[in-house]
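To be precise, the following lines are final_4.txt, and they hold compact mmCIF, C-alpha atoms.
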# COMPACT_ATOMS: atom_id res chain seq x y z
CA GLY A 12 106.79 84.23 96.26
CA GLY A 13 110.24 85.30 95.08
CA ILE A 14 109.04 85.78 91.51
CA CYS A 15 105.98 87.88 92.42
CA CYS A 16 107.84 90.16 94.87
CA GLY A 17 111.03 90.56 92.80
CA LEU A 18 109.10 91.38 89.62
CA THR A 19 106.60 93.79 91.16
CA HIS A 20 109.04 95.74 93.37
CA GLY A 21 111.46 95.96 90.45
CA ALA A 22 108.69 97.27 88.18
CA VAL A 23 107.69 100.08 90.58
CA CYS A 24 111.30 101.09 91.33
CA PRO A 25 110.82 104.57 89.69
CA VAL A 26 107.84 105.27 92.00
CA ASP A 27 109.92 104.11 94.98
CA VAL A 28 112.79 106.45 94.00
CA VAL A 29 110.45 109.48 93.90
CA LYS A 30 108.63 108.44 97.12
CA THR A 31 111.97 108.11 98.95
CA ARG A 32 113.10 111.55 97.68
CA ILE A 33 109.80 113.12 98.89
CA GLN A 34 110.39 111.57 102.34
CA LEU A 35 114.06 112.62 102.53
CA GLU A 36 113.87 116.10 100.97
CA PRO A 37 110.27 117.35 101.37
CA GLN A 38 111.33 121.00 101.01
CA LYS A 39 112.68 120.28 97.50
CA TYR A 40 110.17 117.65 96.35
CA ASN A 41 107.01 119.49 97.40
CA THR A 42 104.93 119.35 94.21
CA GLY A 43 103.52 115.84 94.59
CA MET A 44 104.27 112.62 92.77
CA VAL A 45 104.18 113.93 89.18
CA GLY A 46 106.25 116.99 90.13
CA GLY A 47 108.76 114.68 91.85
CA PHE A 48 109.18 112.66 88.65
CA ARG A 49 109.74 115.85 86.65
CA THR A 50 112.34 117.17 89.12
CA VAL A 51 114.34 113.92 89.18
CA ILE A 52 114.30 113.57 85.34
CA ALA A 53 115.15 117.27 84.76
CA GLU A 54 118.10 117.28 87.20
CA GLU A 55 119.52 113.78 86.86
CA GLY A 56 118.08 112.23 83.69
CA MET A 57 115.70 109.32 83.11
CA MET A 58 118.18 106.70 84.37
CA ALA A 59 118.04 108.19 87.88
CA LEU A 60 114.59 106.59 88.21
CA SER A 61 116.25 103.15 88.14
CA THR A 62 118.57 103.97 91.09
CA GLY A 63 118.71 101.00 93.46
CA LEU A 64 116.99 98.64 90.99
CA GLY A 65 119.45 95.80 91.63
CA ALA A 66 119.09 96.01 95.42
CA THR A 67 115.29 96.25 95.09
CA ALA A 68 114.88 93.25 92.78
CA ILE A 69 117.29 90.97 94.66
CA GLY A 70 116.18 92.08 98.14
CA TYR A 71 112.49 91.61 97.46
CA PHE A 72 113.02 88.29 95.60
CA ILE A 73 114.63 86.91 98.77
CA GLN A 74 112.01 88.57 100.97
CA GLY A 75 109.11 87.21 98.86
CA TRP A 76 110.63 83.72 98.93
CA PHE A 77 110.48 83.68 102.76
CA LYS A 78 107.29 85.76 103.12
CA PHE A 79 104.85 84.00 100.77
CA GLY A 80 106.42 80.59 101.37
CA GLY A 81 106.51 81.18 105.13
CA VAL A 82 102.87 82.31 105.34
CA GLU A 83 101.70 79.15 103.51
CA PHE A 84 103.96 76.98 105.70
CA PHE A 85 102.76 78.51 108.99
CA LYS A 86 99.08 78.46 107.89
CA ILE A 87 99.23 74.75 107.04
CA LYS A 88 101.05 73.86 110.28
CA ALA A 89 98.65 75.91 112.44
CA ALA A 90 95.55 74.47 110.76
CA ALA A 91 96.87 70.91 111.14
CA ALA A 92 97.64 71.48 114.84
CA MET A 93 94.24 73.08 115.61
CA GLY A 94 91.97 70.92 113.46
CA GLU A 95 89.62 72.10 110.69
CA LYS A 96 86.85 73.53 112.91
CA LYS A 97 89.13 75.56 115.22
CA ALA A 98 91.27 76.71 112.30
CA TRP A 99 88.17 78.04 110.52
CA GLU A 100 86.98 79.89 113.65
CA ASN A 101 90.43 81.40 114.24
CA ARG A 102 91.47 81.95 110.61
CA THR A 103 92.14 85.69 110.99
CA THR A 104 94.41 85.02 114.00
CA ILE A 105 96.25 82.35 111.97
CA TYR A 106 96.66 84.78 109.02
CA LEU A 107 98.08 87.42 111.39
CA GLY A 108 100.44 85.05 113.23
CA ALA A 109 101.67 83.31 110.06
CA ALA A 110 102.32 86.68 108.38
CA ALA A 111 104.21 88.08 111.40
CA GLY A 112 106.46 85.00 111.72
CA ALA A 113 107.24 84.79 107.99
CA GLU A 114 107.94 88.53 107.71
CA PHE A 115 110.34 88.57 110.68
CA ILE A 116 112.48 85.88 109.02
CA ALA A 117 112.27 87.61 105.61
CA ASP A 118 113.38 90.99 107.04
CA ILE A 119 116.67 89.61 108.36
CA PHE A 120 117.63 89.04 104.71
CA LEU A 121 115.93 92.15 103.27
CA CYS A 122 117.36 94.78 105.63
CA PRO A 123 120.96 94.98 104.24
CA LEU A 124 119.70 95.32 100.65
CA GLU A 125 117.12 97.95 101.64
CA ALA A 126 119.90 99.93 103.39
CA CYS A 127 121.93 99.82 100.15
CA ARG A 128 118.90 100.91 98.08
CA ILE A 129 118.09 103.89 100.32
CA ARG A 130 121.75 105.01 100.42
CA SER A 131 121.89 104.81 96.58
CA VAL A 132 118.71 106.92 96.23
CA SER A 133 119.65 109.51 98.88
CA ASP A 134 123.26 109.82 97.61
CA PRO A 135 123.47 108.81 93.90
CA GLY A 136 127.25 109.34 93.85
CA TYR A 137 127.89 107.02 96.83
CA ALA A 138 128.99 104.07 94.64
CA SER A 139 128.37 102.87 91.09
CA SER A 140 127.00 99.38 91.85
CA LEU A 141 125.22 97.33 94.53
CA PRO A 142 128.43 95.52 95.64
CA GLY A 143 130.16 98.91 95.72
CA VAL A 144 127.48 100.44 97.98
CA ALA A 145 127.59 97.39 100.28
CA ALA A 146 131.41 97.40 100.51
CA ARG A 147 131.58 101.15 101.28
CA LEU A 148 128.82 100.89 103.93
CA ILE A 149 130.69 98.05 105.71
CA LYS A 150 134.02 99.92 105.48
CA GLU A 151 132.68 103.26 106.76
CA GLU A 152 129.98 102.19 109.23
CA GLY A 153 130.45 98.48 109.95
CA VAL A 154 127.92 95.69 109.38
CA LEU A 155 125.54 96.53 112.25
CA ARG A 156 125.21 100.30 111.74
CA GLY A 157 125.62 100.15 107.95
CA PHE A 158 123.22 97.30 107.20
CA TYR A 159 120.96 97.06 110.26
CA SER A 160 120.35 100.69 111.35
CA GLY A 161 116.92 100.30 109.81
CA PHE A 162 116.11 96.86 111.27
CA GLY A 163 113.80 98.30 113.98
CA PRO A 164 111.90 100.52 111.51
CA ILE A 165 111.80 97.74 108.89
CA LEU A 166 110.15 95.37 111.41
CA PHE A 167 107.85 98.17 112.59
CA LYS A 168 106.94 98.82 108.93
CA GLN A 169 106.91 95.35 107.37
CA ILE A 170 105.32 93.20 110.11
CA PRO A 171 102.09 95.27 110.51
CA TYR A 172 102.07 95.73 106.70
CA THR A 173 102.31 91.99 106.02
CA MET A 174 99.84 91.09 108.78
CA ALA A 175 97.28 93.50 107.30
CA LYS A 176 98.13 92.44 103.73
CA PHE A 177 97.47 88.71 104.20
CA ALA A 178 94.59 89.01 106.70
CA VAL A 179 92.69 91.64 104.66
CA GLN A 180 93.37 89.87 101.35
CA GLY A 181 92.25 86.51 102.77
CA ARG A 182 89.00 87.90 104.16
CA ALA A 183 88.33 90.10 101.09
CA ALA A 184 88.79 87.10 98.77
CA GLU A 185 86.52 85.02 101.02
CA TYR A 186 83.84 87.75 100.86
CA LEU A 187 84.06 87.89 97.04
CA TYR A 188 83.73 84.11 96.68
CA ASN A 189 80.81 84.05 99.14
CA SER A 190 79.04 86.84 97.24
CA MET A 191 79.29 84.70 94.08
CA GLY A 192 78.22 81.58 95.99
CA LYS A 193 81.30 79.70 94.80
CA LYS A 194 84.57 78.23 96.07
CA PRO A 195 87.96 78.80 94.36
CA ALA A 196 87.90 75.23 93.02
CA ASP A 197 84.58 75.94 91.23
CA CYS A 198 85.95 78.96 89.34
CA GLY A 199 88.15 79.22 86.26
CA ALA A 200 91.55 80.91 86.03
CA VAL A 201 90.09 84.28 84.91
CA VAL A 202 87.65 84.57 87.87
CA ASN A 203 90.27 83.40 90.41
CA THR A 204 92.81 85.90 89.05
CA GLY A 205 90.16 88.66 89.18
CA VAL A 206 89.47 87.84 92.85
CA SER A 207 93.22 87.83 93.60
CA LEU A 208 93.70 91.25 91.97
CA SER A 209 90.59 92.86 93.53
CA SER A 210 91.28 91.61 97.06
CA GLY A 211 94.96 92.54 96.59
CA VAL A 212 94.13 96.21 95.86
CA VAL A 213 92.01 96.48 99.04
CA ALA A 214 94.72 94.76 101.11
CA GLY A 215 97.47 96.93 99.60
CA VAL A 216 95.83 100.28 100.39
CA VAL A 217 94.92 99.25 103.98
CA SER A 218 98.41 97.90 104.69
CA ALA A 219 100.11 100.96 103.09
CA ILE A 220 98.27 103.36 105.42
CA ILE A 221 99.03 101.23 108.51
CA SER A 222 102.76 100.91 107.80
CA HIS A 223 103.51 104.35 106.31
CA PRO A 224 104.95 106.13 109.42
CA ALA A 225 107.59 103.38 109.78
CA ASP A 226 108.34 103.53 106.04
CA THR A 227 109.14 107.26 106.34
CA LEU A 228 111.26 106.59 109.46
CA LEU A 229 113.15 103.81 107.63
CA SER A 230 113.95 106.12 104.70
CA LYS A 231 115.21 108.83 107.04
CA VAL A 232 117.26 106.58 109.41
CA ASN A 233 119.23 105.16 106.43
CA LYS A 234 120.16 108.65 105.20
CA ALA A 235 123.72 109.60 106.17
CA GLY A 236 123.84 111.71 109.37
CA ALA A 237 120.09 111.59 110.03
CA GLY A 238 119.10 111.69 113.70
CA GLY A 239 122.62 112.33 115.03
CA ASP A 240 125.23 109.82 116.20
CA GLY A 241 123.53 108.05 119.12
CA SER A 242 122.04 104.55 119.29
CA ILE A 243 119.52 103.47 116.64
CA PRO A 244 116.46 103.97 118.97
CA GLN A 245 117.81 107.42 119.95
CA ARG A 246 118.26 108.38 116.28
CA MET A 247 114.71 107.21 115.55
CA MET A 248 113.36 109.37 118.42
CA ASN A 249 115.35 112.39 117.17
CA ILE A 250 114.02 111.95 113.62
CA THR A 251 110.43 111.64 114.93
CA LYS A 252 110.84 114.88 116.94
CA GLU A 253 112.43 116.74 114.00
CA THR A 254 109.85 115.58 111.43
CA GLY A 255 106.69 115.55 113.57
CA VAL A 256 104.24 112.65 113.86
CA ALA A 257 101.75 114.13 111.35
CA LYS A 258 104.40 114.43 108.64
CA LEU A 259 105.72 110.93 109.37
CA CYS A 260 102.20 109.65 108.69
CA THR A 261 101.52 111.70 105.53
CA GLN A 262 104.78 112.50 103.66
CA GLY A 263 104.63 110.49 100.44
CA LEU A 264 101.44 108.62 101.51
CA GLY A 265 99.54 109.19 98.23
CA ALA A 266 102.45 107.83 96.19
CA ARG A 267 102.77 104.86 98.53
CA CYS A 268 99.04 103.97 98.38
CA VAL A 269 99.21 103.93 94.56
CA MET A 270 102.45 101.95 94.63
CA ILE A 271 101.47 99.38 97.29
CA GLY A 272 97.88 98.98 96.03
CA THR A 273 99.15 98.14 92.54
CA LEU A 274 102.03 96.07 93.90
CA THR A 275 99.92 93.93 96.23
CA ALA A 276 97.26 93.24 93.59
CA LEU A 277 99.94 92.14 91.11
CA GLN A 278 101.74 90.04 93.74
CA PHE A 279 98.66 87.99 94.61
CA GLY A 280 97.71 87.74 90.93
CA ILE A 281 101.18 86.48 89.93
CA PHE A 282 101.53 84.21 92.99
CA ASP A 283 98.19 82.48 92.40
CA SER A 284 98.81 82.20 88.62
CA VAL A 285 102.31 80.68 89.07
CA MET A 286 100.98 78.27 91.72
CA ARG A 287 98.22 77.11 89.32
CA ALA A 288 100.68 76.80 86.41
CA LEU A 289 102.89 74.56 88.56
CA GLY A 290 99.92 72.41 89.59
CA ALA A 291 100.18 73.58 93.23
CA GLU A 292 97.34 75.04 95.26
CA LYS A 293 97.27 77.77 97.89
CA PHE A 294 95.93 76.69 101.29
CA HIS A 295 92.32 77.77 101.86
CA PHE A 296 90.41 77.56 105.14
CA HIS A 297 87.21 75.52 104.86
CA GLU A 298 84.05 75.90 106.92
CA PRO A 299 83.29 72.44 108.33
CA HIS A 300 79.74 71.15 107.65

In structure tokens, what does this structure look like?
Amino acid sequence: GGICCGLTHGAVCPVDVVKTRIQLEPQKYNTGMVGGFRTVIAEEGMMALSTGLGATAIGYFIQGWFKFGGVEFFKIKAAAAMGEKKAWENRTTIYLGAAAGAEFIADIFLCPLEACRIRSVSDPGYASSLPGVAARLIKEEGVLRGFYSGFGPILFKQIPYTMAKFAVQGRAAEYLYNSMGKKPADCGAVVNTGVSLSSGVVAGVVSAIISHPADTLLSKVNKAGAGGDGSIPQRMMNITKETGVAKLCTQGLGARCVMIGTLTALQFGIFDSVMRALGAEKFHFHEPH
């Protein structure tokens, strides 16, 4: 889980930099994804696209560790407690519950690193390194405001995203295997990887659309001075009023669908491949006969 999330989020860091700029400065970055890339490179150079790479790779390695590991753990425990027949009948509910529980735990560890990443992208001169950004945030704003201003939005973004991601991927993979009349154990590595990638794309796009308003809110609430000086919920309400609900739902959505669709497909592909290489097997629900 750590490997697949750390690698994939690190790889799409340039897309994330441009997406975050579109969300934070829509009046400047108003020519779409390609135009955003051109603007960043022209004004700040190619290296600007790697802003926040350290925070992204480390944060999402830790998050993936808890998320993918946690989902498997909670799925196995729930299925054992309910029995094979009930687990099969309630598999979507188990996917949703396991994903929500695992993501909540993962976000406690992800939130400080995501705050550092967003501050680096929104203010490239803030500090020269990840420890420097973290130290300055704690000094100027304290641990709670500096690191956890975005905890509400990150839960609001990540929990529905992860619930949709695992539930849709699980059911999409099941549909693909059923259409071939086979089980994962009957297929070779190439077919299983193909199913992982295909179902991952579908899951990624669905979960990106569902979680996008909170992603925009998270980017904005971590920008210095955004939403005034009140409590975190008050700042979130102020940002929503200033931006408008329609823009919260659509600013940077195209870029995010491309990013998350690719990301999710690669994550499931890498996760399943690493599991097979290690001789481990992902838990699958079985229809009792």

**Request:** Using all atoms listed in the file, determine which residues lie at most 9 Å from region 243-247 of chain A, disregarding the query and same-chain residues fewer than 4 positions distant; provide the list as a PyMOL selection string.
**Result:** chain A and resi 156+160-161+163-164+228-229+231-232+237-239+251-252

Taking C-alpha atoms for each residue, export the selection above as a PDB file, in the frame of the given file.
ATOM      1  CA  ARG A 156     125.210 100.300 111.740  1.00  0.00           C
ATOM      2  CA  SER A 160     120.350 100.690 111.350  1.00  0.00           C
ATOM      3  CA  GLY A 161     116.920 100.300 109.810  1.00  0.00           C
ATOM      4  CA  GLY A 163     113.800  98.300 113.980  1.00  0.00           C
ATOM      5  CA  PRO A 164     111.900 100.520 111.510  1.00  0.00           C
ATOM      6  CA  LEU A 228     111.260 106.590 109.460  1.00  0.00           C
ATOM      7  CA  LEU A 229     113.150 103.810 107.630  1.00  0.00           C
ATOM      8  CA  LYS A 231     115.210 108.830 107.040  1.00  0.00           C
ATOM      9  CA  VAL A 232     117.260 106.580 109.410  1.00  0.00           C
ATOM     10  CA  ALA A 237     120.090 111.590 110.030  1.00  0.00           C
ATOM     11  CA  GLY A 238     119.100 111.690 113.700  1.00  0.00           C
ATOM     12  CA  GLY A 239     122.620 112.330 115.030  1.00  0.00           C
ATOM     13  CA  THR A 251     110.430 111.640 114.930  1.00  0.00           C
ATOM     14  CA  LYS A 252     110.840 114.880 116.940  1.00  0.00           C
TER      15      LYS A 252
END

Residues of region 166-241 of chain A within 12 Å of region 74-80 of chain A: nearest atom pair and distance (Å, one decimal) for each, counting all atoms listed in the file, sorted by chain and number, as a tab-separated table?
residue	atom	partner	partner_atom	distance
A:Gln169	CA	A:Lys78	CA	10.5
A:Ile170	CA	A:Lys78	CA	10.4
A:Tyr172	CA	A:Lys78	CA	11.8
A:Thr173	CA	A:Lys78	CA	8.5
A:Met174	CA	A:Lys78	CA	10.8
A:Lys176	CA	A:Phe79	CA	11.2
A:Phe177	CA	A:Phe79	CA	9.4

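CA of Ser133 (chain A) to CA of Ala276 (chain A) spans 28.2 Å [interatomic distance, one decimal].
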
**Counting all atoms listed in the file, the residue of A:Arg102, A:Lys193, A:His295, A:Arg130 that sits nearest Thr31 (chain A)** =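 So, comparing all the options, the nearest one is A:Arg130.
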
**Request:** Please measure the separation of CA of Val201 (chain A) and CA of Thr67 (chain A), giving the value in Å to one decimal.
**Result:** 29.7 Å

**Request:** May I have the residues within 9 Å of Ser218 (chain A) as a list of chain:residue names, using all atoms listed in the file and disregarding those fewer than 2 positions away in the same chain?
**Result:**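 Contacts, with the query itself left out: A:Pro171, A:Tyr172, A:Thr173, A:Met174, A:Ala175, A:Lys176, A:Val179, A:Val213, A:Ala214, A:Gly215, A:Val216, A:Ile220, A:Ile221, A:Ser222, A:His223, A:Cys268, A:Ile271, A:Gly272.
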
**Message:** I need the residue nearest Leu166 (chain A) from this list: A:Glu114, A:Glu36, A:Glu125, A:Glu185. Use all atoms listed in the file for the distance.
**Reply:**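 Between A:Glu114, A:Glu36, A:Glu125, A:Glu185, the residue approaching Leu166 (chain A) most closely is A:Glu114.
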
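Between Cys127 (chain A) and the residues A:Ile69, A:Val256, A:Val82, A:Ala22, the shortest atom-to-atom distance, using only C-alpha atoms, involves A:Ile69.
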
**Exercise: residues within 12 Å of coordinate (92.7, 76.3, 84.2), counting all atoms listed in the file, as a ChimeraX atom specification** = /A:195-204,283-290

**Message:** Just checking: using all atoms listed in the file, which residue out of A:Gly12, A:Gly94, A:Gly192, A:Gly81 ends up closest to Ile116 (chain A)?
**Reply:**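 Closest candidate: A:Gly81.
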
**Prompt:** Looking at A:Ile149, A:Ala91, A:Ile33, A:Leu141, which one is nearest to Val51 (chain A), with distances taken over all atoms listed in the file?
**Reply:** A:Ile33

**Request:** Tell me, in Å to one decimal, how far CA of Thr104 (chain A) is from CA of Ala184 (chain A).
**Result:**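 Separation between CA of Thr104 (chain A) and CA of Ala184 (chain A): 16.4 Å.
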
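Proximity to Val28 (chain A) was assessed for A:Ser209, A:Thr42, A:Thr50, A:Ser61 counting only C-alpha atoms; the smallest distance is recorded for A:Ser61.
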
**Item:** Pro123 (chain A) environment, 10 Å, all atoms listed in the file, sequence neighbours closer than 6 positions dropped, as a count of residues only
**Value:** 12

N, CA, C and O atoms are what I want for region 192-210 of chain A; can you complete it accordingly and write them as a PDB file, in the coordinates of the input?
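For reference, selection_37.pdb as written:
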ATOM      1  N   GLY A 192      78.727  82.907  95.633  1.00  0.00           N
ATOM      2  CA  GLY A 192      78.220  81.580  95.990  1.00  0.00           C
ATOM      3  C   GLY A 192      79.091  80.457  95.479  1.00  0.00           C
ATOM      4  O   GLY A 192      78.603  79.354  95.201  1.00  0.00           O
ATOM      5  N   LYS A 193      80.397  80.720  95.351  1.00  0.00           N
ATOM      6  CA  LYS A 193      81.300  79.700  94.800  1.00  0.00           C
ATOM      7  C   LYS A 193      82.551  79.557  95.666  1.00  0.00           C
ATOM      8  O   LYS A 193      82.880  80.425  96.478  1.00  0.00           O
ATOM      9  N   LYS A 194      83.268  78.446  95.450  1.00  0.00           N
ATOM     10  CA  LYS A 194      84.570  78.230  96.070  1.00  0.00           C
ATOM     11  C   LYS A 194      85.637  78.396  94.986  1.00  0.00           C
ATOM     12  O   LYS A 194      85.327  78.257  93.796  1.00  0.00           O
ATOM     13  N   PRO A 195      86.910  78.641  95.375  1.00  0.00           N
ATOM     14  CA  PRO A 195      87.960  78.800  94.360  1.00  0.00           C
ATOM     15  C   PRO A 195      88.035  77.635  93.374  1.00  0.00           C
ATOM     16  O   PRO A 195      88.276  77.837  92.184  1.00  0.00           O
ATOM     17  N   ALA A 196      87.813  76.420  93.883  1.00  0.00           N
ATOM     18  CA  ALA A 196      87.900  75.230  93.020  1.00  0.00           C
ATOM     19  C   ALA A 196      86.813  75.208  91.938  1.00  0.00           C
ATOM     20  O   ALA A 196      86.984  74.578  90.893  1.00  0.00           O
ATOM     21  N   ASP A 197      85.683  75.926  92.202  1.00  0.00           N
ATOM     22  CA  ASP A 197      84.580  75.940  91.230  1.00  0.00           C
ATOM     23  C   ASP A 197      84.787  76.967  90.115  1.00  0.00           C
ATOM     24  O   ASP A 197      84.031  76.980  89.139  1.00  0.00           O
ATOM     25  N   CYS A 198      85.767  77.840  90.276  1.00  0.00           N
ATOM     26  CA  CYS A 198      85.950  78.960  89.340  1.00  0.00           C
ATOM     27  C   CYS A 198      87.120  78.696  88.388  1.00  0.00           C
ATOM     28  O   CYS A 198      88.059  77.964  88.719  1.00  0.00           O
ATOM     29  N   GLY A 199      87.063  79.328  87.240  1.00  0.00           N
ATOM     30  CA  GLY A 199      88.150  79.220  86.260  1.00  0.00           C
ATOM     31  C   GLY A 199      89.294  80.163  86.605  1.00  0.00           C
ATOM     32  O   GLY A 199      89.213  80.953  87.556  1.00  0.00           O
ATOM     33  N   ALA A 200      90.342  80.108  85.795  1.00  0.00           N
ATOM     34  CA  ALA A 200      91.550  80.910  86.030  1.00  0.00           C
ATOM     35  C   ALA A 200      91.259  82.408  85.988  1.00  0.00           C
ATOM     36  O   ALA A 200      91.799  83.181  86.782  1.00  0.00           O
ATOM     37  N   VAL A 201      90.378  82.848  85.071  1.00  0.00           N
ATOM     38  CA  VAL A 201      90.090  84.280  84.910  1.00  0.00           C
ATOM     39  C   VAL A 201      89.401  84.831  86.167  1.00  0.00           C
ATOM     40  O   VAL A 201      89.787  85.886  86.692  1.00  0.00           O
ATOM     41  N   VAL A 202      88.384  84.108  86.670  1.00  0.00           N
ATOM     42  CA  VAL A 202      87.650  84.570  87.870  1.00  0.00           C
ATOM     43  C   VAL A 202      88.575  84.557  89.081  1.00  0.00           C
ATOM     44  O   VAL A 202      88.618  85.531  89.860  1.00  0.00           O
ATOM     45  N   ASN A 203      89.353  83.483  89.258  1.00  0.00           N
ATOM     46  CA  ASN A 203      90.270  83.400  90.410  1.00  0.00           C
ATOM     47  C   ASN A 203      91.316  84.507  90.370  1.00  0.00           C
ATOM     48  O   ASN A 203      91.636  85.108  91.402  1.00  0.00           O
ATOM     49  N   THR A 204      91.832  84.809  89.179  1.00  0.00           N
ATOM     50  CA  THR A 204      92.810  85.900  89.050  1.00  0.00           C
ATOM     51  C   THR A 204      92.156  87.244  89.351  1.00  0.00           C
ATOM     52  O   THR A 204      92.756  88.097  90.023  1.00  0.00           O
ATOM     53  N   GLY A 205      90.912  87.428  88.887  1.00  0.00           N
ATOM     54  CA  GLY A 205      90.160  88.660  89.180  1.00  0.00           C
ATOM     55  C   GLY A 205      89.961  88.870  90.672  1.00  0.00           C
ATOM     56  O   GLY A 205      90.112  89.981  91.192  1.00  0.00           O
ATOM     57  N   VAL A 206      89.645  87.769  91.380  1.00  0.00           N
ATOM     58  CA  VAL A 206      89.470  87.840  92.850  1.00  0.00           C
ATOM     59  C   VAL A 206      90.806  88.181  93.510  1.00  0.00           C
ATOM     60  O   VAL A 206      90.863  89.019  94.422  1.00  0.00           O
ATOM     61  N   SER A 207      91.883  87.551  93.044  1.00  0.00           N
ATOM     62  CA  SER A 207      93.220  87.830  93.600  1.00  0.00           C
ATOM     63  C   SER A 207      93.594  89.301  93.439  1.00  0.00           C
ATOM     64  O   SER A 207      94.094  89.941  94.376  1.00  0.00           O
ATOM     65  N   LEU A 208      93.352  89.846  92.241  1.00  0.00           N
ATOM     66  CA  LEU A 208      93.700  91.250  91.970  1.00  0.00           C
ATOM     67  C   LEU A 208      92.834  92.213  92.778  1.00  0.00           C
ATOM     68  O   LEU A 208      93.341  93.164  93.377  1.00  0.00           O
ATOM     69  N   SER A 209      91.514  91.956  92.809  1.00  0.00           N
ATOM     70  CA  SER A 209      90.590  92.860  93.530  1.00  0.00           C
ATOM     71  C   SER A 209      90.878  92.874  95.024  1.00  0.00           C
ATOM     72  O   SER A 209      90.977  93.949  95.644  1.00  0.00           O
ATOM     73  N   SER A 210      91.012  91.679  95.614  1.00  0.00           N
ATOM     74  CA  SER A 210      91.280  91.610  97.060  1.00  0.00           C
ATOM     75  C   SER A 210      92.671  92.157  97.367  1.00  0.00           C
ATOM     76  O   SER A 210      92.899  92.742  98.432  1.00  0.00           O
TER      77      SER A 210
END
